[in-house]
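Visitor: Provided herewith: query.pdb, PDB, C-alpha atoms.
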```
ATOM      1  CA  MET R   1       0.000   0.000   0.000
ATOM      2  CA  SER R   2       1.391   3.378  -0.961
ATOM      3  CA  TYR R   3       1.554   6.231   1.522
ATOM      4  CA  HIS R   4      -1.167   8.107  -0.341
ATOM      5  CA  LYS R   5      -3.460   5.058  -0.218
ATOM      6  CA  TYR R   6      -2.709   4.775   3.496
ATOM      7  CA  LEU R   7      -3.885   8.370   3.985
ATOM      8  CA  CYS R   8      -7.252   7.291   2.523
ATOM      9  CA  SER R   9      -7.551   4.205   4.737
ATOM     10  CA  SER R  10     -10.109   3.955   7.521
ATOM     11  CA  HIS R  11      -7.308   3.477  10.082
ATOM     12  CA  TRP R  12      -5.697   6.801   9.146
ATOM     13  CA  LEU R  13      -9.011   8.654   9.023
ATOM     14  CA  LYS R  14      -9.882   7.424  12.550
ATOM     15  CA  PHE R  15      -6.415   8.315  13.850
ATOM     16  CA  ARG R  16      -6.554  11.728  12.136
ATOM     17  CA  GLN R  17      -9.854  12.506  13.876
ATOM     18  CA  GLN R  18      -8.424  11.295  17.198
ATOM     19  CA  ALA R  19      -5.444  13.646  16.765
ATOM     20  CA  LEU R  20      -7.714  16.584  15.870
ATOM     21  CA  ASP R  21      -9.867  15.880  18.945
ATOM     22  CA  TYR R  22      -6.815  15.541  21.198
ATOM     23  CA  TYR R  23      -4.862  18.608  20.033
ATOM     24  CA  GLY R  24      -7.834  20.742  19.000
ATOM     25  CA  LYS R  25      -8.319  22.543  15.719
ATOM     26  CA  LYS R  26      -5.512  25.052  16.038
ATOM     27  CA  CYS R  27      -2.346  25.315  13.949
ATOM     28  CA  ALA R  28       0.746  24.470  15.989
ATOM     29  CA  ASP R  29       2.881  26.894  13.935
ATOM     30  CA  CYS R  30       0.800  30.029  13.339
ATOM     31  CA  GLY R  31      -2.010  29.530  15.869
ATOM     32  CA  THR R  32      -4.906  30.046  13.447
ATOM     33  CA  GLU R  33      -8.185  28.419  14.386
ATOM     34  CA  HIS R  34     -10.099  29.038  11.156
ATOM     35  CA  ALA R  35      -8.533  27.047   8.337
ATOM     36  CA  ARG R  36      -8.309  23.664   6.697
ATOM     37  CA  PHE R  37      -6.247  21.527   9.073
ATOM     38  CA  ASP R  38      -3.777  18.808   8.182
ATOM     39  CA  VAL R  39      -2.296  16.195  10.492
ATOM     40  CA  HIS R  40       1.454  16.287   9.796
ATOM     41  CA  HIS R  41       3.745  13.337  10.550
ATOM     42  CA  LEU R  42       6.795  14.313  12.597
ATOM     43  CA  THR R  43       8.221  10.833  12.055
ATOM     44  CA  TYR R  44       7.475   8.020   9.649
ATOM     45  CA  ASP R  45       8.874   5.326  11.955
ATOM     46  CA  ARG R  46       5.465   3.989  13.027
ATOM     47  CA  ILE R  47       3.295   4.425   9.925
ATOM     48  CA  GLY R  48       0.104   2.498  10.583
ATOM     49  CA  GLU R  49       0.801   2.413  14.324
ATOM     50  CA  GLU R  50       1.254   6.124  15.004
ATOM     51  CA  LEU R  51       1.220   7.626  18.454
ATOM     52  CA  LEU R  52      -0.259  11.050  19.136
ATOM     53  CA  GLY R  53       3.272  12.350  19.687
ATOM     54  CA  ASP R  54       4.187  11.346  16.126
ATOM     55  CA  VAL R  55       1.900  13.984  14.575
ATOM     56  CA  VAL R  56       1.098  17.686  14.859
ATOM     57  CA  ILE R  57      -1.894  19.762  13.686
ATOM     58  CA  LEU R  58      -1.066  22.395  11.045
ATOM     59  CA  CYS R  59      -3.100  24.645   8.796
ATOM     60  CA  HIS R  60      -2.713  23.809   5.112
ATOM     61  CA  ASP R  61      -0.358  26.764   4.478
ATOM     62  CA  CYS R  62       1.967  25.897   7.388
ATOM     63  CA  HIS R  63       1.860  22.218   6.393
ATOM     64  CA  THR R  64       2.975  23.087   2.866
ATOM     65  CA  ALA R  65       5.664  25.392   4.247
ATOM     66  CA  ARG R  66       7.015  22.653   6.547
ATOM     67  CA  HIS R  67       7.397  20.275   3.635
ATOM     68  CA  GLU R  68       9.113  22.908   1.498
ATOM     69  CA  LYS R  69      11.314  24.314   4.276
ATOM     70  CA  GLY R  70      14.887  23.323   3.593
ATOM     71  CA  ASN R  71      13.816  20.952   0.848
ATOM     72  CA  PRO R  72      14.418  21.816  -2.783
ATOM     73  CA  VAL R  73      11.073  22.347  -4.499
ATOM     74  CA  HIS R  74      12.279  20.723  -7.716
ATOM     75  CA  CYS R  75      14.444  17.931  -6.332
ATOM     76  CA  SER R  76      15.485  15.367  -8.926
ATOM     77  CA  HIS R  77      15.996  12.691  -6.220
ATOM     78  CA  GLN R  78      19.469  11.713  -7.395
ATOM     79  CA  THR R  79      20.849  10.357  -4.103
ATOM     80  CA  LEU R  80      18.434   7.696  -2.945
ATOM     81  CA  SER R  81      18.772   5.073  -0.252
ATOM     82  CA  HIS R  82      16.519   2.167   0.645
ATOM     83  CA  SER R  83      13.896   2.698   3.294
ATOM     84  CA  ILE R  84      11.620   0.042   4.728
ATOM     85  CA  VAL R  85       8.370   1.316   6.224
ATOM     86  CA  THR R  86       6.024  -0.823   8.303
ATOM     87  CA  CYS R  87       2.419   0.135   7.700
ATOM     88  CA  GLY R  88      -0.446  -1.654   9.404
ATOM     89  CA  GLY R  89       1.642  -4.735  10.110
ATOM     90  CA  SER R  90       2.945  -5.081   6.546
ATOM     91  CA  THR R  91       6.327  -3.917   5.281
ATOM     92  CA  HIS R  92       6.659  -1.537   2.339
ATOM     93  CA  PHE R  93       9.698  -0.496   0.355
ATOM     94  CA  TRP R  94      10.337   3.223  -0.149
ATOM     95  CA  TRP R  95      13.179   5.405  -1.273
ATOM     96  CA  TYR R  96      14.683   8.060   0.974
ATOM     97  CA  CYS R  97      16.073  11.058  -0.900
ATOM     98  CA  LYS R  98      19.178  12.375   0.848
ATOM     99  CA  ASP R  99      18.897  15.718  -0.985
ATOM    100  CA  CYS R 100      15.383  16.744   0.027
ATOM    101  CA  GLN R 101      15.077  14.349   3.003
ATOM    102  CA  ARG R 102      11.737  12.924   1.883
ATOM    103  CA  LEU R 103      10.345   9.465   1.456
ATOM    104  CA  VAL R 104       9.537   9.038  -2.204
ATOM    105  CA  CYS R 105       7.976   6.233  -4.193
ATOM    106  CA  LEU R 106       9.436   6.651  -7.662
ATOM    107  CA  ARG R 107       9.199   3.081  -8.851
ATOM    108  CA  GLU R 108       8.629  -0.415  -7.610
ATOM    109  CA  PRO R 109      11.793  -2.013  -6.255
ATOM    110  CA  THR R 110      13.428  -4.852  -8.142
ATOM    111  CA  ASP R 111      13.612  -8.322  -6.625
ATOM    112  CA  LYS R 112      17.319  -7.830  -5.981
ATOM    113  CA  GLU R 113      16.664  -4.558  -4.105
ATOM    114  CA  LEU R 114      13.966  -6.229  -2.009
ATOM    115  CA  ILE R 115      16.298  -9.116  -1.153
ATOM    116  CA  ASN R 116      19.106  -6.716  -0.232
ATOM    117  CA  ALA R 117      16.719  -4.644   1.901
ATOM    118  CA  GLU R 118      15.482  -7.768   3.689
ATOM    119  CA  LEU R 119      19.064  -8.922   4.317
ATOM    120  CA  LEU R 120      19.928  -5.480   5.679
ATOM    121  CA  LYS R 121      16.864  -5.590   7.936
ATOM    122  CA  GLN R 122      17.831  -9.058   9.239
ATOM    123  CA  LYS R 123      21.398  -7.892   9.841
ATOM    124  CA  HIS R 124      20.104  -4.903  11.801
ATOM    125  CA  GLU R 125      17.765  -7.100  13.872
ATOM    126  CA  LYS R 126      20.657  -9.454  14.727
ATOM    127  CA  TRP R 127      22.818  -6.486  15.731
ATOM    128  CA  CYS R 128      20.000  -5.160  17.944
ATOM    129  CA  ALA R 129      19.609  -8.585  19.584
ATOM    130  CA  ARG R 130      23.372  -8.791  20.268
ATOM    131  CA  GLU R 131      23.398  -5.281  21.724
ATOM    132  CA  PHE R 132      20.414  -6.152  23.912
ATOM    133  CA  GLU R 133      22.189  -9.262  25.207
ATOM    134  CA  LYS R 134      25.357  -7.261  25.896
ATOM    135  CA  GLN R 135      23.338  -4.682  27.825
ATOM    136  CA  GLN R 136      21.680  -7.422  29.878
ATOM    137  CA  ILE R 137      25.107  -8.861  30.756
ATOM    138  CA  ARG R 138      26.380  -5.385  31.714
ATOM    139  CA  ASP R 139      23.277  -4.803  33.859
ATOM    140  CA  LYS R 140      23.690  -8.191  35.565
ATOM    141  CA  LYS R 141      27.364  -7.529  36.337
ATOM    142  CA  LYS R 142      26.517  -4.086  37.662
ATOM    143  CA  ALA R 143      23.834  -5.547  39.940
ATOM    144  CA  GLU R 144      26.302  -8.182  41.191
ATOM    145  CA  ARG R 145      28.897  -5.489  41.917
ATOM    146  CA  LEU R 146      26.326  -3.460  43.862
ATOM    147  CA  VAL R 147      25.311  -6.493  45.926
ATOM    148  CA  ALA R 148      28.981  -7.309  46.625
ATOM    149  CA  LYS R 149      29.668  -3.689  47.591
ATOM    150  CA  LYS R 150      26.678  -3.589  49.943
ATOM    151  CA  GLU R 151      27.779  -6.852  51.549
ATOM    152  CA  ALA R 152      31.345  -5.544  51.938
ATOM    153  CA  ASP R 153      30.045  -2.304  53.440
ATOM    154  CA  ARG R 154      27.813  -4.263  55.801
ATOM    155  CA  LEU R 155      30.692  -6.436  56.965
ATOM    156  CA  ALA R 156      33.041  -3.473  57.273
ATOM    157  CA  GLY R 157      30.400  -1.612  59.238
ATOM    158  CA  LYS R 158      30.253  -4.417  61.808
ATOM    159  CA  LYS R 159      33.994  -4.347  62.290
ATOM    160  CA  LYS R 160      34.154  -0.601  62.690
ATOM    161  CA  ARG R 161      31.370  -0.312  65.208
ATOM    162  CA  PRO R 162      31.598  -2.931  67.903
ATOM    163  CA  LYS R 163      28.630  -3.191  70.157
ATOM    164  CA  PRO R 164      29.102  -1.337  73.432
ATOM    165  CA  LEU R 165      29.530  -3.501  76.496
ATOM    166  CA  LYS R 166      26.622  -3.507  78.827
ATOM    167  CA  LYS R 167      27.390  -2.419  82.322
ATOM    168  CA  ILE R 168      26.169  -4.871  84.859
ATOM    169  CA  LYS R 169      24.826  -3.349  87.964
ATOM    170  CA  ARG R 170      25.461  -5.407  91.030
ATOM    171  CA  LYS R 171      23.146  -5.260  93.886
ATOM    172  CA  ALA R 172      24.781  -4.483  97.166
ATOM    173  CA  LYS R 173      24.583  -7.234  99.730
ATOM    174  CA  VAL R 174      22.782  -6.308 102.849
TER     175      VAL R 174
END
```
What does this structure look like when you write it as structure tokens?
Guide:
Amino acid sequence: MSYHKYLCSSHWLKFRQQALDYYGKKCADCGTEHARFDVHHLTYDRIGEELLGDVVILCHDCHTARHEKGNPVHCSHQTLSHSIVTCGGSTHFWWYCKDCQRLVCLREPTDKELINAELLKQKHEKWCAREFEKQQIRDKKKAERLVAKKEADRLAGKKKRPKPLKKIKRKAKV
């Protein structure tokens, strides 16, 4: 499903209305309350599973300006890199233009490009799993060091502070 088809889907329309209800019909950039409002993605990382923090409400003029700001209006998309977007549980292949910093769908990817993208995704997932395991090992060692330090402090504390001797009062014999 293309991004434009996604914007026509029932899921997006429900989410769009939820965002408008949550943020209110007011442009986040210029503050106008009487305009056509667009829900602008701040990130495309969770397409199909957006959070309210992933979008912002903008009037149509500010929305257009945000997309054109810093991006060449007539970009020829010469420097492209692969981009995999998950939308509604399915994975889609896009191109990311390094010049204008936009996701573009110029053509369908070839089988070779899809295979390379899938291999890259698997490689990244393996790296993430290894990093997660390393972090768990570091956390476990840190916890063990803290327990050992507390035990050493506890034992050292006993040696430093001996219990005071109780004075025994003797009753005088009558």
Visitor: For a test of reading the model, state the distance in Å between atom CA of Cys62 of chain R and atom CA of Cys27 of chain R, rounded to one decimal.
Guide: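 Here the two named atoms are 7.9 Å from each other.
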Visitor: If you measure from atom CA of Lys5 of chain R to atom CA of Glu68 of chain R, what distance in Å do you get, rounded to one decimal?
Guide: 21.9 Å
Visitor: Calculated over all atoms listed in the file, which of the candidates R:Gln18, R:Thr64, R:Ser2, R:Gln122 has the smallest distance to Arg36 of chain R?
Guide: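 Closest to Arg36 of chain R of all the choices is R:Thr64.
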Visitor: List the residues matched by the PyMOL selection byres ((chain R and resi 12) around 12) in the displayed structure as a ChimeraX atom specification, ordered by chain and then by residue number.
Guide: /R:3-11,13-19,39-41,47-51,55,87-88
Visitor: So how many Å separate atom CA of His60 of chain R and atom CA of Tyr23 of chain R, to one decimal?
Guide: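 According to the coordinates, atom CA of His60 of chain R and atom CA of Tyr23 of chain R are separated by 15.9 Å.
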Visitor: Fewer than 5 positions away in the same chain doesn't count, so skip those; otherwise give me all residues within 9 Å of Leu20 of chain R, counting all atoms listed in the file, as a list in words.
Guide: Phe15, Lys25, Lys26, Phe37, Asp38, Val39, Val56 and Ile57 of chain R
Visitor: Got time to write the residues from that selection, C-alpha atoms, as a PDB file, in the coordinates of the input?
Guide:
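The new file part_34.pdb reads:
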```pdb
ATOM      1  CA  PHE R  15      -6.415   8.315  13.850  1.00  0.00           C
ATOM      2  CA  LYS R  25      -8.319  22.543  15.719  1.00  0.00           C
ATOM      3  CA  LYS R  26      -5.512  25.052  16.038  1.00  0.00           C
ATOM      4  CA  PHE R  37      -6.247  21.527   9.073  1.00  0.00           C
ATOM      5  CA  ASP R  38      -3.777  18.808   8.182  1.00  0.00           C
ATOM      6  CA  VAL R  39      -2.296  16.195  10.492  1.00  0.00           C
ATOM      7  CA  VAL R  56       1.098  17.686  14.859  1.00  0.00           C
ATOM      8  CA  ILE R  57      -1.894  19.762  13.686  1.00  0.00           C
TER       9      ILE R  57
END
```
Visitor: Step by step, gather every atom of segment 147-151 of chain R that the file lists, find the box along x, y and z that holds them, add 3 Å on each side, and finally give centre and edge lengths in Å to one decimal, as JSON.
Guide:
```
{"center_x": 27.5, "center_y": -5.4, "center_z": 48.7, "size_x": 10.4, "size_y": 9.7, "size_z": 11.6}
```
Visitor: When you get a chance, write out N, CA and C atoms for segment 48-60 of chain R, as a compact mmCIF listing (two decimals), keeping the file's coordinate frame.
Guide:
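File written: out-v7.txt
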```txt
# COMPACT_ATOMS: atom_id res chain seq x y z
N GLY R 48 1.09 3.54 10.34
CA GLY R 48 0.10 2.50 10.58
C GLY R 48 -0.08 2.20 12.06
N GLU R 49 0.87 2.62 12.88
CA GLU R 49 0.80 2.41 14.32
C GLU R 49 1.23 3.69 15.04
N GLU R 50 0.82 4.83 14.49
CA GLU R 50 1.25 6.12 15.00
C GLU R 50 0.80 6.34 16.44
N LEU R 51 1.58 7.13 17.13
CA LEU R 51 1.22 7.63 18.45
C LEU R 51 0.85 9.09 18.29
N LEU R 52 0.13 9.65 19.24
CA LEU R 52 -0.26 11.05 19.14
C LEU R 52 0.96 11.97 19.11
N GLY R 53 2.05 11.55 19.71
CA GLY R 53 3.27 12.35 19.69
C GLY R 53 4.00 12.31 18.35
N ASP R 54 3.55 11.45 17.44
CA ASP R 54 4.19 11.35 16.13
C ASP R 54 3.62 12.35 15.13
N VAL R 55 2.56 13.07 15.51
CA VAL R 55 1.90 13.98 14.58
C VAL R 55 1.69 15.34 15.23
N VAL R 56 1.40 16.34 14.39
CA VAL R 56 1.10 17.69 14.86
C VAL R 56 0.01 18.25 13.94
N ILE R 57 -0.82 19.14 14.47
CA ILE R 57 -1.89 19.76 13.69
C ILE R 57 -1.36 21.06 13.08
N LEU R 58 -1.52 21.20 11.76
CA LEU R 58 -1.07 22.40 11.04
C LEU R 58 -2.15 22.84 10.08
N CYS R 59 -2.23 24.16 9.86
CA CYS R 59 -3.10 24.64 8.80
C CYS R 59 -2.45 24.24 7.47
N HIS R 60 -3.23 24.28 6.40
CA HIS R 60 -2.71 23.81 5.11
C HIS R 60 -1.48 24.62 4.67
```
